[in-house]
Amino acid sequence: MQERFWQAIVANDAAYDGTFYYAVATTGIFCRPSCKSRLPKREHVRIFHGRQAAMAASYRPCKRCRPDGIRLPDEAWVAEIKAHIEEHFAEPLSLATLSEQFYASTYHLQRTFKRIAGVTPLMFIQQIRLEAAKKLLITTDLAVQVIGAQVGIANAAHFATLFQKKTGLTPTEFRQQPVH
């Protein structure tokens, strides 16, 4: 494998997209050079100059970077984004990181997500975080600021303000309610 191809894979260099595709022998999947998937071991990588050649060698297209050019229907795409948010809500998530992860402009992701889900991606992230916070408030004795940090809102004051704005109660008041 030429060094420039390997460096393009390491750097997730979108400038090489369409120039070549790389396949990973251990997974049976092929990707664009810009794919954000985990970096494979160099010895497992095979280079193809066309996606048809990769498929002819029995490699499947990556579901993340879609090197076959087939886009998911918007509903399925938004479902994937929602599942990603539900799994990674405690991590730093922004419209920019989601659009990079799901290969779309921030504008397209925001517009499509809102049309399908009825809320913006950031509103959905907040909903998931607040639901997780409610569960922790009910089931643990953790301090409010610790719960905020665990659900991805590190600033305790922001967490308490947001929680009260969305539920009508402070986190402490919510925790003290007899029936949830």
# chains A, B, ... in the order shown; residues from 1 in each chain; ligands from 1

$ residues_around --residues "stretch 154-165 of chain A" --least-positions-apart "6" --cutoff "8 Å" --atoms "only C-alpha atoms" --output "list of chain:residue names"
A:Leu130, A:Val144, A:Gln145, A:Gly148, A:Pro171

$ select_by_dssp --residues "stretch 3-55 of chain A" --states "strand (DSSP E)" --output "list of chain:residue names"
A:Tyr21, A:Tyr22, A:Ala23, A:Val24, A:Ile29, A:Phe30, A:Cys31, A:Val45, A:Arg46, A:Ile47, A:Phe48

$ residues_around --residues "A:Thr120" --least-positions-apart "5" --cutoff "8 Å" --atoms "only C-alpha atoms" --output "ChimeraX atom specification"
/A:110-111,113-114

$ residues_around --residues "A:Phe89" --least-positions-apart "5" --cutoff "8 Å" --atoms "only C-alpha atoms" --output "PyMOL selection string"
chain A and resi 125+128-129+151-152

$ atom_distance --atom1 "atom CA of A:Phe174" --atom2 "atom CA of A:Lys82"
26.3 Å

$ closest_residue --among "A:Trp77, A:Tyr107, A:Tyr59, A:Trp6" --to "A:Ser34" --atoms "only C-alpha atoms"
A:Trp6

$ atom_distance --atom1 "atom CA of A:His88" --atom2 "atom CA of A:Tyr16"
29.2 Å

$ select_by_dssp --residues "stretch 14-171 of chain A" --states "helix (DSSP H, G or I)" --output "JSON, numbers by chain"
{"A": [14, 15, 16, 42, 43, 44, 51, 52, 53, 54, 55, 56, 74, 75, 76, 77, 78, 79, 80, 81, 82, 83, 84, 85, 86, 87, 88, 95, 96, 97, 98, 99, 100, 101, 106, 107, 108, 109, 110, 111, 112, 113, 114, 115, 116, 117, 121, 122, 123, 124, 125, 126, 127, 128, 129, 130, 131, 132, 133, 134, 135, 136, 137, 138, 139, 144, 145, 146, 147, 148, 149, 150, 156, 157, 158, 159, 160, 161, 162, 163, 164, 165, 166, 167, 171]}

$ residues_around --residues "A:Phe48" --least-positions-apart "2" --cutoff "9 Å" --atoms "only C-alpha atoms" --output "MDAnalysis selection string"
chainID A and resid 20:23 30 46 50:54

$ atom_distance --atom1 "atom CA of A:Asp141" --atom2 "atom CA of A:Gly168"
20.9 Å

$ decode --residues "stretch 124-148 of chain A" --atoms "N, CA and C atoms" --output "compact mmCIF listing (two decimals), in the first residue's frame"
# COMPACT_ATOMS: atom_id res chain seq x y z
N PHE A 124 -33.61 17.30 21.40
CA PHE A 124 -33.68 15.86 21.66
C PHE A 124 -32.60 15.45 22.66
N ILE A 125 -31.39 15.98 22.48
CA ILE A 125 -30.30 15.69 23.42
C ILE A 125 -30.71 16.12 24.82
N GLN A 126 -31.27 17.32 24.94
CA GLN A 126 -31.71 17.82 26.26
C GLN A 126 -32.76 16.89 26.87
N GLN A 127 -33.72 16.45 26.05
CA GLN A 127 -34.77 15.55 26.55
C GLN A 127 -34.17 14.27 27.11
N ILE A 128 -33.25 13.68 26.37
CA ILE A 128 -32.62 12.43 26.79
C ILE A 128 -31.83 12.65 28.08
N ARG A 129 -31.08 13.74 28.12
CA ARG A 129 -30.29 14.04 29.32
C ARG A 129 -31.18 14.26 30.54
N LEU A 130 -32.28 14.99 30.35
CA LEU A 130 -33.16 15.26 31.49
C LEU A 130 -33.87 14.00 31.96
N GLU A 131 -34.24 13.12 31.06
CA GLU A 131 -34.86 11.84 31.46
C GLU A 131 -33.87 11.00 32.25
N ALA A 132 -32.62 10.98 31.80
CA ALA A 132 -31.59 10.24 32.54
C ALA A 132 -31.36 10.87 33.91
N ALA A 133 -31.39 12.19 33.98
CA ALA A 133 -31.22 12.89 35.26
C ALA A 133 -32.37 12.55 36.21
N LYS A 134 -33.58 12.52 35.70
CA LYS A 134 -34.74 12.17 36.54
C LYS A 134 -34.56 10.78 37.15
N LYS A 135 -34.14 9.83 36.33
CA LYS A 135 -33.91 8.46 36.84
C LYS A 135 -32.86 8.45 37.94
N LEU A 136 -31.77 9.18 37.71
CA LEU A 136 -30.71 9.23 38.72
C LEU A 136 -31.17 9.94 39.99
N LEU A 137 -31.97 10.98 39.85
CA LEU A 137 -32.48 11.69 41.03
C LEU A 137 -33.37 10.78 41.87
N ILE A 138 -34.14 9.93 41.21
CA ILE A 138 -35.06 9.03 41.91
C ILE A 138 -34.33 7.83 42.50
N THR A 139 -33.36 7.30 41.77
CA THR A 139 -32.76 6.02 42.16
C THR A 139 -31.43 6.11 42.90
N THR A 140 -30.86 7.32 43.00
CA THR A 140 -29.56 7.44 43.68
C THR A 140 -29.59 8.59 44.68
N ASP A 141 -28.56 8.64 45.49
CA ASP A 141 -28.37 9.76 46.42
C ASP A 141 -27.24 10.67 45.96
N LEU A 142 -26.86 10.56 44.70
CA LEU A 142 -25.77 11.38 44.16
C LEU A 142 -26.12 12.86 44.27
N ALA A 143 -25.11 13.68 44.46
CA ALA A 143 -25.31 15.13 44.50
C ALA A 143 -25.83 15.61 43.14
N VAL A 144 -26.60 16.67 43.17
CA VAL A 144 -27.21 17.21 41.95
C VAL A 144 -26.14 17.54 40.91
N GLN A 145 -25.04 18.16 41.33
CA GLN A 145 -24.00 18.51 40.35
C GLN A 145 -23.34 17.28 39.75
N VAL A 146 -23.25 16.20 40.51
CA VAL A 146 -22.68 14.95 40.01
C VAL A 146 -23.62 14.36 38.95
N ILE A 147 -24.91 14.40 39.24
CA ILE A 147 -25.90 13.90 38.27
C ILE A 147 -25.83 14.72 36.99
N GLY A 148 -25.75 16.03 37.13
CA GLY A 148 -25.63 16.88 35.95
C GLY A 148 -24.44 16.49 35.09
